[in-house]
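Undergrad: Structure file target_29.cif (mmCIF, C-alpha atoms) right here:
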```cif
data_input
loop_
_atom_site.group_PDB
_atom_site.id
_atom_site.type_symbol
_atom_site.label_atom_id
_atom_site.label_comp_id
_atom_site.auth_asym_id
_atom_site.auth_seq_id
_atom_site.Cartn_x
_atom_site.Cartn_y
_atom_site.Cartn_z
ATOM 1 C CA MET A 1 -39.087 8.604 -14.148
ATOM 2 C CA LYS A 2 -40.830 11.951 -14.314
ATOM 3 C CA THR A 3 -39.263 14.811 -16.268
ATOM 4 C CA ILE A 4 -36.171 15.987 -14.419
ATOM 5 C CA TYR A 5 -35.333 19.682 -14.513
ATOM 6 C CA SER A 6 -32.815 19.806 -11.692
ATOM 7 C CA ILE A 7 -30.203 17.310 -10.451
ATOM 8 C CA LEU A 8 -28.765 17.277 -6.933
ATOM 9 C CA VAL A 9 -25.052 16.393 -6.917
ATOM 10 C CA ILE A 10 -23.512 15.435 -3.561
ATOM 11 C CA ILE A 11 -19.934 16.692 -3.261
ATOM 12 C CA ASP A 12 -17.568 15.014 -0.804
ATOM 13 C CA PRO A 13 -14.607 17.291 0.023
ATOM 14 C CA LYS A 14 -12.586 14.301 1.267
ATOM 15 C CA HIS A 15 -12.683 12.346 -1.993
ATOM 16 C CA ASP A 16 -12.279 12.734 -5.743
ATOM 17 C CA ASN A 17 -15.497 14.219 -7.125
ATOM 18 C CA ASN A 18 -14.594 13.912 -10.813
ATOM 19 C CA PRO A 19 -16.561 10.651 -11.382
ATOM 20 C CA VAL A 20 -19.710 12.129 -9.816
ATOM 21 C CA LEU A 21 -19.395 15.412 -11.709
ATOM 22 C CA THR A 22 -18.699 13.612 -14.986
ATOM 23 C CA ARG A 23 -21.827 11.502 -14.636
ATOM 24 C CA ALA A 24 -23.871 14.543 -13.522
ATOM 25 C CA LYS A 25 -22.817 16.490 -16.600
ATOM 26 C CA GLU A 26 -23.719 13.567 -18.883
ATOM 27 C CA PHE A 27 -27.212 13.357 -17.391
ATOM 28 C CA ALA A 28 -27.640 17.144 -17.414
ATOM 29 C CA LYS A 29 -26.838 17.272 -21.130
ATOM 30 C CA VAL A 30 -29.336 14.541 -22.026
ATOM 31 C CA MET A 31 -32.079 15.878 -19.748
ATOM 32 C CA LYS A 32 -31.296 19.578 -20.288
ATOM 33 C CA ALA A 33 -31.331 19.914 -16.510
ATOM 34 C CA SER A 34 -29.588 22.284 -14.115
ATOM 35 C CA LEU A 35 -27.173 21.078 -11.419
ATOM 36 C CA HIS A 36 -27.263 21.909 -7.714
ATOM 37 C CA LEU A 37 -24.089 20.973 -5.838
ATOM 38 C CA LEU A 38 -24.377 20.153 -2.140
ATOM 39 C CA ILE A 39 -21.822 19.607 0.616
ATOM 40 C CA CYS A 40 -23.394 18.067 3.719
ATOM 41 C CA ASN A 41 -21.532 19.744 6.548
ATOM 42 C CA GLU A 42 -22.083 22.087 9.468
ATOM 43 C CA SER A 43 -18.901 23.994 8.571
ATOM 44 C CA LYS A 44 -18.763 26.478 5.685
ATOM 45 C CA LYS A 45 -15.005 26.020 5.227
ATOM 46 C CA LYS A 46 -15.362 24.346 1.825
ATOM 47 C CA ALA A 47 -17.299 27.190 0.206
ATOM 48 C CA ASP A 48 -14.302 27.972 -2.030
ATOM 49 C CA LEU A 49 -14.398 24.425 -3.420
ATOM 50 C CA LEU A 50 -18.037 24.785 -4.425
ATOM 51 C CA THR A 51 -17.426 28.208 -5.947
ATOM 52 C CA SER A 52 -14.619 26.789 -8.067
ATOM 53 C CA LEU A 53 -16.698 23.795 -9.219
ATOM 54 C CA VAL A 54 -19.694 25.962 -10.102
ATOM 55 C CA ASN A 55 -17.500 28.400 -12.053
ATOM 56 C CA ASP A 56 -16.036 25.493 -14.039
ATOM 57 C CA LEU A 57 -19.547 24.219 -14.803
ATOM 58 C CA HIS A 58 -20.648 27.678 -15.965
ATOM 59 C CA GLU A 59 -17.640 27.851 -18.308
ATOM 60 C CA GLU A 60 -18.724 24.511 -19.792
ATOM 61 C CA GLY A 61 -22.217 25.877 -20.444
ATOM 62 C CA PHE A 62 -24.101 24.247 -17.545
ATOM 63 C CA GLN A 63 -26.593 25.944 -15.253
ATOM 64 C CA ALA A 64 -25.293 25.314 -11.743
ATOM 65 C CA THR A 65 -25.794 26.496 -8.170
ATOM 66 C CA SER A 66 -24.429 25.263 -4.856
ATOM 67 C CA GLU A 67 -24.732 25.333 -1.087
ATOM 68 C CA ILE A 68 -23.368 23.882 2.143
ATOM 69 C CA ALA A 69 -26.088 22.673 4.510
ATOM 70 C CA TRP A 70 -26.667 20.485 7.543
ATOM 71 C CA TYR A 71 -29.979 19.357 9.027
ATOM 72 C CA ASN A 72 -29.142 17.098 11.993
ATOM 73 C CA ASN A 73 -27.704 14.258 9.886
ATOM 74 C CA TYR A 74 -26.536 13.315 6.392
ATOM 75 C CA HIS A 75 -29.653 11.652 4.956
ATOM 76 C CA ASN A 76 -32.015 14.305 6.320
ATOM 77 C CA THR A 77 -29.813 17.025 4.805
ATOM 78 C CA VAL A 78 -29.888 15.431 1.360
ATOM 79 C CA VAL A 79 -33.667 14.873 1.411
ATOM 80 C CA THR A 80 -34.350 18.385 2.748
ATOM 81 C CA ILE A 81 -32.298 20.062 0.010
ATOM 82 C CA GLN A 82 -33.648 17.716 -2.669
ATOM 83 C CA LYS A 83 -37.189 18.749 -1.817
ATOM 84 C CA ALA A 84 -36.350 22.444 -1.391
ATOM 85 C CA GLN A 85 -34.631 22.594 -4.797
ATOM 86 C CA GLY A 86 -37.199 20.372 -6.540
ATOM 87 C CA CYS A 87 -34.489 17.992 -7.754
ATOM 88 C CA GLY A 88 -35.738 14.914 -9.606
ATOM 89 C CA LEU A 89 -32.488 12.959 -9.339
ATOM 90 C CA VAL A 90 -29.712 12.635 -6.749
ATOM 91 C CA ILE A 91 -26.195 11.700 -7.895
ATOM 92 C CA LYS A 92 -23.598 10.651 -5.338
ATOM 93 C CA THR A 93 -20.891 8.175 -4.439
ATOM 94 C CA HIS A 94 -21.519 5.320 -2.014
ATOM 95 C CA LEU A 95 -20.617 5.804 1.651
ATOM 96 C CA ALA A 96 -19.308 2.331 2.457
ATOM 97 C CA ASP A 97 -19.237 1.054 6.043
ATOM 98 C CA SER A 98 -17.589 -1.986 7.574
ATOM 99 C CA ALA A 99 -19.719 -5.093 8.127
ATOM 100 C CA LEU A 100 -19.355 -4.693 11.904
ATOM 101 C CA LYS A 101 -20.452 -1.069 11.786
ATOM 102 C CA ARG A 102 -23.502 -1.984 9.670
ATOM 103 C CA VAL A 103 -24.607 -4.403 12.409
ATOM 104 C CA ILE A 104 -24.463 -1.673 15.034
ATOM 105 C CA ILE A 105 -25.539 1.393 13.035
ATOM 106 C CA THR A 106 -27.747 1.604 9.961
ATOM 107 C CA PRO A 107 -25.570 3.106 7.171
ATOM 108 C CA GLU A 108 -26.476 6.597 6.022
ATOM 109 C CA ASP A 109 -26.893 5.460 2.421
ATOM 110 C CA TRP A 110 -29.447 2.847 3.542
ATOM 111 C CA LYS A 111 -31.434 5.566 5.306
ATOM 112 C CA LEU A 112 -31.204 7.793 2.257
ATOM 113 C CA LEU A 113 -32.471 5.048 -0.068
ATOM 114 C CA ARG A 114 -35.467 4.429 2.192
ATOM 115 C CA LEU A 115 -36.440 8.084 2.585
ATOM 116 C CA CYS A 116 -35.419 9.909 -0.591
ATOM 117 C CA PRO A 117 -38.540 10.298 -2.760
ATOM 118 C CA CYS A 118 -36.644 10.561 -6.072
ATOM 119 C CA PRO A 119 -34.283 8.236 -7.985
ATOM 120 C CA ILE A 120 -30.667 8.008 -6.821
ATOM 121 C CA LEU A 121 -27.657 7.342 -9.044
ATOM 122 C CA ILE A 122 -24.684 5.963 -7.116
ATOM 123 C CA VAL A 123 -21.429 6.381 -9.025
ATOM 124 C CA ASN A 124 -18.873 3.624 -8.441
ATOM 125 C CA GLN A 125 -16.535 4.179 -11.393
ATOM 126 C CA ASP A 126 -15.071 6.803 -13.687
ATOM 127 C CA ARG A 127 -15.285 4.692 -16.867
ATOM 128 C CA SER A 128 -17.510 5.737 -19.754
ATOM 129 C CA TRP A 129 -20.833 3.936 -20.264
ATOM 130 C CA LEU A 130 -20.372 4.016 -24.040
ATOM 131 C CA GLY A 131 -20.601 0.604 -25.686
ATOM 132 C CA ARG A 132 -21.188 -1.261 -22.420
ATOM 133 C CA SER A 133 -24.138 -3.297 -21.137
ATOM 134 C CA VAL A 134 -27.019 -1.947 -19.075
ATOM 135 C CA LEU A 135 -28.397 -4.439 -16.547
ATOM 136 C CA ALA A 136 -32.002 -4.326 -15.306
ATOM 137 C CA ALA A 137 -32.434 -6.238 -12.022
ATOM 138 C CA VAL A 138 -36.018 -7.306 -11.288
ATOM 139 C CA ASP A 139 -37.825 -9.777 -9.046
ATOM 140 C CA LEU A 140 -39.968 -11.559 -11.625
ATOM 141 C CA GLY A 141 -41.460 -13.933 -9.075
ATOM 142 C CA ASN A 142 -42.978 -11.230 -6.881
ATOM 143 C CA PRO A 143 -46.760 -10.888 -7.484
ATOM 144 C CA ASP A 144 -47.065 -7.636 -5.491
ATOM 145 C CA LYS A 145 -48.621 -4.951 -7.707
ATOM 146 C CA ASN A 146 -46.079 -2.320 -6.625
ATOM 147 C CA HIS A 147 -43.217 -4.609 -7.634
ATOM 148 C CA ILE A 148 -44.847 -5.417 -10.980
ATOM 149 C CA ALA A 149 -45.270 -1.706 -11.725
ATOM 150 C CA LEU A 150 -41.695 -1.112 -10.696
ATOM 151 C CA HIS A 151 -40.449 -3.870 -13.032
ATOM 152 C CA ASP A 152 -41.879 -2.012 -16.013
ATOM 153 C CA VAL A 153 -40.272 1.257 -14.916
ATOM 154 C CA ILE A 154 -36.890 -0.428 -14.394
ATOM 155 C CA VAL A 155 -36.775 -2.183 -17.771
ATOM 156 C CA LYS A 156 -38.153 0.825 -19.648
ATOM 157 C CA LEU A 157 -35.491 3.125 -18.207
ATOM 158 C CA ALA A 158 -32.737 0.527 -18.660
ATOM 159 C CA ASN A 159 -33.771 0.230 -22.317
ATOM 160 C CA THR A 160 -33.526 4.015 -22.699
ATOM 161 C CA LEU A 161 -30.077 4.052 -21.093
ATOM 162 C CA THR A 162 -29.012 1.261 -23.455
ATOM 163 C CA ARG A 163 -29.783 3.480 -26.434
ATOM 164 C CA VAL A 164 -27.878 6.378 -24.859
ATOM 165 C CA ALA A 165 -24.885 4.148 -24.047
ATOM 166 C CA GLU A 166 -25.087 2.353 -27.419
ATOM 167 C CA GLY A 167 -24.725 -0.931 -25.553
ATOM 168 C CA ASN A 168 -26.729 -4.082 -24.877
ATOM 169 C CA LEU A 169 -29.772 -4.487 -22.657
ATOM 170 C CA HIS A 170 -29.678 -7.370 -20.152
ATOM 171 C CA LEU A 171 -32.111 -8.497 -17.463
ATOM 172 C CA VAL A 172 -31.322 -10.469 -14.310
ATOM 173 C CA SER A 173 -33.772 -12.062 -11.898
ATOM 174 C CA VAL A 174 -33.020 -14.372 -8.999
ATOM 175 C CA TYR A 175 -35.096 -17.400 -8.134
ATOM 176 C CA PRO A 176 -35.108 -17.844 -4.333
ATOM 177 C CA SER A 177 -34.120 -21.478 -4.026
ATOM 178 C CA PRO A 178 -31.549 -23.494 -2.087
ATOM 179 C CA ILE A 179 -30.472 -24.889 -5.452
ATOM 180 C CA PHE A 180 -27.590 -22.639 -6.469
ATOM 181 C CA SER A 181 -27.500 -23.414 -10.181
ATOM 182 C CA GLU A 182 -28.297 -21.419 -13.281
ATOM 183 C CA ILE A 183 -31.830 -21.900 -14.549
ATOM 184 C CA HIS A 184 -33.950 -20.960 -17.510
ATOM 185 C CA PRO A 185 -37.759 -20.926 -17.815
ATOM 186 C CA ASP A 186 -37.528 -23.896 -20.194
ATOM 187 C CA SER A 187 -35.531 -26.027 -17.760
ATOM 188 C CA ASN A 188 -36.774 -28.432 -15.111
ATOM 189 C CA VAL A 189 -34.961 -27.382 -11.956
ATOM 190 C CA PRO A 190 -35.791 -29.395 -8.814
ATOM 191 C CA GLY A 191 -37.880 -27.277 -6.498
ATOM 192 C CA MET A 192 -39.154 -25.019 -9.266
ATOM 193 C CA THR A 193 -42.870 -25.704 -9.258
ATOM 194 C CA PRO A 194 -44.958 -25.431 -12.448
ATOM 195 C CA GLU A 195 -46.720 -22.410 -10.941
ATOM 196 C CA ILE A 196 -43.462 -20.548 -10.310
ATOM 197 C CA LYS A 197 -42.115 -21.600 -13.688
ATOM 198 C CA GLU A 198 -45.198 -20.126 -15.363
ATOM 199 C CA ILE A 199 -44.729 -16.799 -13.531
ATOM 200 C CA TYR A 200 -41.137 -16.490 -14.726
ATOM 201 C CA THR A 201 -41.896 -17.676 -18.259
ATOM 202 C CA SER A 202 -44.796 -15.244 -18.707
ATOM 203 C CA ALA A 203 -42.852 -12.311 -17.271
ATOM 204 C CA CYS A 204 -39.849 -13.002 -19.500
ATOM 205 C CA LYS A 205 -42.023 -13.385 -22.589
ATOM 206 C CA ALA A 206 -43.760 -10.062 -21.869
ATOM 207 C CA PHE A 207 -40.444 -8.226 -21.664
ATOM 208 C CA GLU A 208 -39.140 -9.954 -24.817
ATOM 209 C CA ASP A 209 -42.253 -8.862 -26.734
ATOM 210 C CA GLN A 210 -42.061 -5.268 -25.491
ATOM 211 C CA TYR A 211 -38.323 -4.718 -25.865
ATOM 212 C CA PRO A 212 -36.749 -6.104 -29.079
ATOM 213 C CA ALA A 213 -33.273 -5.491 -27.625
ATOM 214 C CA LEU A 214 -34.017 -7.986 -24.841
ATOM 215 C CA THR A 215 -33.460 -11.454 -26.310
ATOM 216 C CA LYS A 216 -33.616 -14.806 -24.506
ATOM 217 C CA GLU A 217 -29.830 -14.864 -24.438
ATOM 218 C CA ASN A 218 -29.835 -11.543 -22.564
ATOM 219 C CA ILE A 219 -32.203 -12.732 -19.817
ATOM 220 C CA HIS A 220 -30.299 -14.183 -16.881
ATOM 221 C CA LEU A 221 -32.239 -16.254 -14.337
ATOM 222 C CA ALA A 222 -30.452 -17.911 -11.453
ATOM 223 C CA ALA A 223 -31.297 -19.710 -8.245
ATOM 224 C CA GLY A 224 -29.623 -18.441 -5.117
ATOM 225 C CA ALA A 225 -29.007 -15.227 -3.221
ATOM 226 C CA ALA A 226 -29.741 -11.955 -5.021
ATOM 227 C CA ASP A 227 -26.969 -10.087 -3.217
ATOM 228 C CA ILE A 228 -24.449 -12.549 -4.685
ATOM 229 C CA ILE A 229 -25.887 -13.206 -8.147
ATOM 230 C CA ILE A 230 -26.700 -9.634 -9.198
ATOM 231 C CA PRO A 231 -23.166 -8.246 -8.559
ATOM 232 C CA GLN A 232 -21.602 -11.300 -10.216
ATOM 233 C CA THR A 233 -23.837 -10.957 -13.284
ATOM 234 C CA ALA A 234 -22.975 -7.265 -13.558
ATOM 235 C CA LYS A 235 -19.278 -8.126 -13.337
ATOM 236 C CA ASP A 236 -19.513 -10.900 -15.929
ATOM 237 C CA LEU A 237 -21.260 -8.534 -18.350
ATOM 238 C CA ASP A 238 -18.945 -5.598 -17.566
ATOM 239 C CA ALA A 239 -22.151 -3.620 -17.023
ATOM 240 C CA ALA A 240 -21.917 0.160 -17.067
ATOM 241 C CA VAL A 241 -24.911 0.546 -14.772
ATOM 242 C CA CYS A 242 -27.368 -1.660 -12.924
ATOM 243 C CA VAL A 243 -30.936 -0.327 -12.775
ATOM 244 C CA ILE A 244 -32.746 -1.688 -9.743
ATOM 245 C CA GLY A 245 -35.803 -0.774 -7.697
ATOM 246 C CA THR A 246 -36.766 -0.593 -4.085
ATOM 247 C CA VAL A 247 -40.317 -0.686 -2.775
ATOM 248 C CA ALA A 248 -39.965 1.093 0.536
ATOM 249 C CA ARG A 249 -42.253 0.030 3.360
ATOM 250 C CA THR A 250 -44.408 2.583 5.112
ATOM 251 C CA GLY A 251 -44.274 3.258 8.817
ATOM 252 C CA ILE A 252 -41.304 3.500 11.158
ATOM 253 C CA SER A 253 -40.862 -0.285 11.198
ATOM 254 C CA GLY A 254 -40.387 -0.258 7.445
ATOM 255 C CA VAL A 255 -37.496 2.168 7.753
ATOM 256 C CA LEU A 256 -35.655 -0.393 9.868
ATOM 257 C CA ILE A 257 -35.967 -3.249 7.386
ATOM 258 C CA GLY A 258 -33.355 -3.731 4.675
ATOM 259 C CA ASN A 259 -33.782 -5.017 1.122
ATOM 260 C CA THR A 260 -31.813 -6.328 -1.852
ATOM 261 C CA VAL A 261 -30.636 -2.879 -2.937
ATOM 262 C CA GLU A 262 -29.001 -2.259 0.415
ATOM 263 C CA ALA A 263 -27.413 -5.717 0.425
ATOM 264 C CA ILE A 264 -25.628 -5.214 -2.917
ATOM 265 C CA LEU A 265 -24.421 -1.625 -2.504
ATOM 266 C CA ASP A 266 -20.949 -2.626 -1.297
ATOM 267 C CA ASP A 267 -20.511 -5.383 -3.905
ATOM 268 C CA LEU A 268 -21.536 -3.775 -7.196
ATOM 269 C CA ASP A 269 -18.567 -2.358 -9.108
ATOM 270 C CA CYS A 270 -20.711 -0.600 -11.707
ATOM 271 C CA ASP A 271 -22.910 2.458 -11.245
ATOM 272 C CA ILE A 272 -26.320 1.841 -9.657
ATOM 273 C CA LEU A 273 -29.562 3.641 -10.485
ATOM 274 C CA ILE A 274 -32.192 3.050 -7.787
ATOM 275 C CA LEU A 275 -35.854 3.697 -8.613
ATOM 276 C CA LYS A 276 -39.155 3.689 -6.742
ATOM 277 C CA PRO A 277 -42.702 3.642 -8.151
ATOM 278 C CA ASP A 278 -44.475 6.998 -7.967
ATOM 279 C CA SER A 279 -47.113 5.707 -5.543
ATOM 280 C CA ILE A 280 -44.392 4.690 -3.115
ATOM 281 C CA ASN A 281 -42.717 8.070 -3.562
ATOM 282 C CA ASP A 282 -45.909 9.777 -2.370
ATOM 283 C CA GLN A 283 -45.994 7.557 0.717
ATOM 284 C CA LEU A 284 -42.351 8.321 1.432
ATOM 285 C CA GLU A 285 -42.965 12.050 1.315
ATOM 286 C CA GLN A 286 -45.730 11.649 3.890
ATOM 287 C CA LEU A 287 -43.449 9.488 6.038
ATOM 288 C CA ILE A 288 -40.662 12.079 5.925
ATOM 289 C CA LYS A 289 -43.032 14.685 7.357
ATOM 290 C CA GLN A 290 -43.850 12.392 10.313
ATOM 291 C CA ILE A 291 -40.295 11.551 11.371
ATOM 292 C CA HIS A 292 -38.537 13.744 13.916
ATOM 293 C CA TYR A 293 -34.809 13.758 13.109
#
```
Go ahead and render the structure in this file as structure tokens.
TA:
Amino acid sequence: MKTIYSILVIIDPKHDNNPVLTRAKEFAKVMKASLHLLICNESKKKADLLTSLVNDLHEEGFQATSEIAWYNNYHNTVVTIQKAQGCGLVIKTHLADSALKRVIITPEDWKLLRLCPCPILIVNQDRSWLGRSVLAAVDLGNPDKNHIALHDVIVKLANTLTRVAEGNLHLVSVYPSPIFSEIHPDSNVPGMTPEIKEIYTSACKAFEDQYPALTKENIHLAAGAADIIIPQTAKDLDAAVCVIGTVARTGISGVLIGNTVEAILDDLDCDILILKPDSINDQLEQLIKQIHY
């Protein structure tokens, strides 16, 4: 991630904002960043809430500002304010929708993930990260150059968070196979061709060499569905946060296509940090300018 000087914190007047604010303050301390609190609403009725939160932050020594804004819809409001304030990170809770509603209407968080040009931290818990595992989720079998670049960013940042949390670094990657059994690069799983095996083995070895904290025992490869295996691995490890990436597609058609990040949002119990490679961020900013909301 680039240097972050300002963090956008989404405040939801209908829910408890303590977990989001706690995480925002932790990041602000480490990054020495200011906080900008945002309520996405057409009404200004909750201005007193923001004033109270900002005053509390000032008393704790944080630089903080706030506003209530609305630009046609939720995701456009967040992206508009993020760009206007120059925020390098968005922190929010997940807006969960029912499965039926997701079939009919694309969830607002999905739209935000596809269009927001900066990293997003989704807070799903109020527990401390201290002493807990940090899980990096990567697609080691994808040869696309954008994905490969993103893998490095994900593991590098996860390694940094591990040092901050004083926990253990873990990596998970899912092998797309109908064989739903745990695998390891040294095993002979039916359907795992020598070529694919070599891709996974080389990628794992590269990460092991670069990050001493990432041992063979902390690399978790499995055959099956990513949206099932990643949440289960995070749960088994009691992960504090899962660092994962999304390579957004360009063009309007790309905005309509989901990905692994979207599929696991409702199932991950830990916090989720979603990243994009810088080159994709540039394309997203151009796409945002073309879309009429």
Undergrad: Any idea what's packed within 6 Å of segment 74-84 of chain A, counting all atoms listed in the file, ignoring anything in its chain fewer than 2 positions away? Could you give it as a list in words?
TA: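 Surrounding residues, per the criterion: Trp70, Tyr71, Gly86, Cys87, Leu112 and Cys116 of chain A.
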Undergrad: Expand the PyMOL selection byres ((chain A and resi 50) around 10) into the explicit residue set it covers here, and present it as a list in words.
TA: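 That expression, the PyMOL selection byres ((chain A and resi 50) around 10), corresponds here to Ile11, Pro13, Leu37, Leu38, Ile39, Lys46, Ala47, Asp48, Leu49, Thr51, Ser52, Leu53, Val54, Asn55, Asp56, Thr65, Ser66, Glu67 and Ile68 of chain A.
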Undergrad: Can you list, as a compact mmCIF listing (two decimals) with C-alpha atoms, in the frame of the given file, every protein, DNA or RNA residue that comes within 10 Å of Asn18 of chain A when you count only C-alpha atoms, leaving out same-chain residues fewer than 4 positions away?
TA:
```txt
# COMPACT_ATOMS: atom_id res chain seq x y z
CA ILE A 11 -19.93 16.69 -3.26
CA THR A 22 -18.70 13.61 -14.99
CA ARG A 23 -21.83 11.50 -14.64
CA ALA A 24 -23.87 14.54 -13.52
CA GLN A 125 -16.54 4.18 -11.39
CA ASP A 126 -15.07 6.80 -13.69
```
Undergrad: Excluding segment 30-34 of chain A and any residue of its chain fewer than 4 positions from it, enumerate the residues within 12 Å of it, using only C-alpha atoms, and give them as a short mmCIF file (atom, residue, chain, number, x, y, z; two decimals) with C-alpha atoms, in the coordinates of the input.
TA:
```cif
data_model
loop_
_atom_site.label_atom_id
_atom_site.label_comp_id
_atom_site.auth_asym_id
_atom_site.auth_seq_id
_atom_site.Cartn_x
_atom_site.Cartn_y
_atom_site.Cartn_z
CA MET A 1 -39.09 8.60 -14.15
CA LYS A 2 -40.83 11.95 -14.31
CA THR A 3 -39.26 14.81 -16.27
CA ILE A 4 -36.17 15.99 -14.42
CA TYR A 5 -35.33 19.68 -14.51
CA SER A 6 -32.82 19.81 -11.69
CA ILE A 7 -30.20 17.31 -10.45
CA LEU A 8 -28.76 17.28 -6.93
CA VAL A 9 -25.05 16.39 -6.92
CA ARG A 23 -21.83 11.50 -14.64
CA ALA A 24 -23.87 14.54 -13.52
CA LYS A 25 -22.82 16.49 -16.60
CA GLU A 26 -23.72 13.57 -18.88
CA VAL A 54 -19.69 25.96 -10.10
CA LEU A 57 -19.55 24.22 -14.80
CA HIS A 58 -20.65 27.68 -15.96
CA GLY A 61 -22.22 25.88 -20.44
CA PHE A 62 -24.10 24.25 -17.55
CA GLN A 63 -26.59 25.94 -15.25
CA ALA A 64 -25.29 25.31 -11.74
CA THR A 65 -25.79 26.50 -8.17
CA SER A 66 -24.43 25.26 -4.86
CA GLN A 85 -34.63 22.59 -4.80
CA GLY A 86 -37.20 20.37 -6.54
CA CYS A 87 -34.49 17.99 -7.75
CA GLY A 88 -35.74 14.91 -9.61
CA LEU A 89 -32.49 12.96 -9.34
CA THR A 160 -33.53 4.01 -22.70
CA LEU A 161 -30.08 4.05 -21.09
CA ARG A 163 -29.78 3.48 -26.43
CA VAL A 164 -27.88 6.38 -24.86
CA ALA A 165 -24.88 4.15 -24.05
#
```
Undergrad: Please write the residues picked by the PyMOL selection byres ((chain A and resi 204-214) around 10) on this file as a list in words.
TA: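 So the PyMOL selection byres ((chain A and resi 204-214) around 10) ends up selecting Leu140, His151, Asp152, Val155, Lys156, Asn159, Thr162, Arg163, Gly167, Asn168, Leu169, His170, Leu171, Ser173, Pro185, Glu198, Ile199, Tyr200, Thr201, Ser202, Ala203, Thr215, Lys216, Glu217, Asn218, Ile219, His220 and Leu221 of chain A.
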Undergrad: What does the distance from atom CA of Lys235 of chain A to atom CA of Ile122 of chain A come to in Å, to one decimal?
TA: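 Taking atom CA of Lys235 of chain A and atom CA of Ile122 of chain A, their separation equals 16.3 Å.
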Undergrad: Report the residues retrieved by the PyMOL selection byres ((chain A and resi 231) around 12) from the displayed file, expressed as a PyMOL selection string.
TA: chain A and resi 135-137+172-174+225-230+232-239+241-244+260-261+263-272
Undergrad: Interatomic distance between atom CA of Lys92 of chain A and atom CA of His36 of chain A?
TA: 12.1 Å
Undergrad: Suppose you want the space between atom CA of Leu35 of chain A and atom CA of Asn73 of chain A; what is it in Å?
TA: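 Value for the atom CA of Leu35 of chain A-atom CA of Asn73 of chain A distance: 22.4 Å.
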Undergrad: Between A:Glu195, A:Glu59, A:Glu166, A:Glu42, which is the closest to Leu130 of chain A once you count all atoms listed in the file?
TA: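 Selected residue with least distance to Leu130 of chain A: A:Glu166.
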Undergrad: Smallest atom-to-atom distance to Asp139 of chain A: which of A:Ala223, A:Leu157, A:Ile10, A:Cys40, using only C-alpha atoms?
TA: A:Ala223
Undergrad: Considering all atoms listed in the file, can you say which of A:Leu273, A:Val90, A:Leu21, A:Lys14 comes closest to Pro117 of chain A?
TA: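 The closest residue to Pro117 of chain A is A:Val90.
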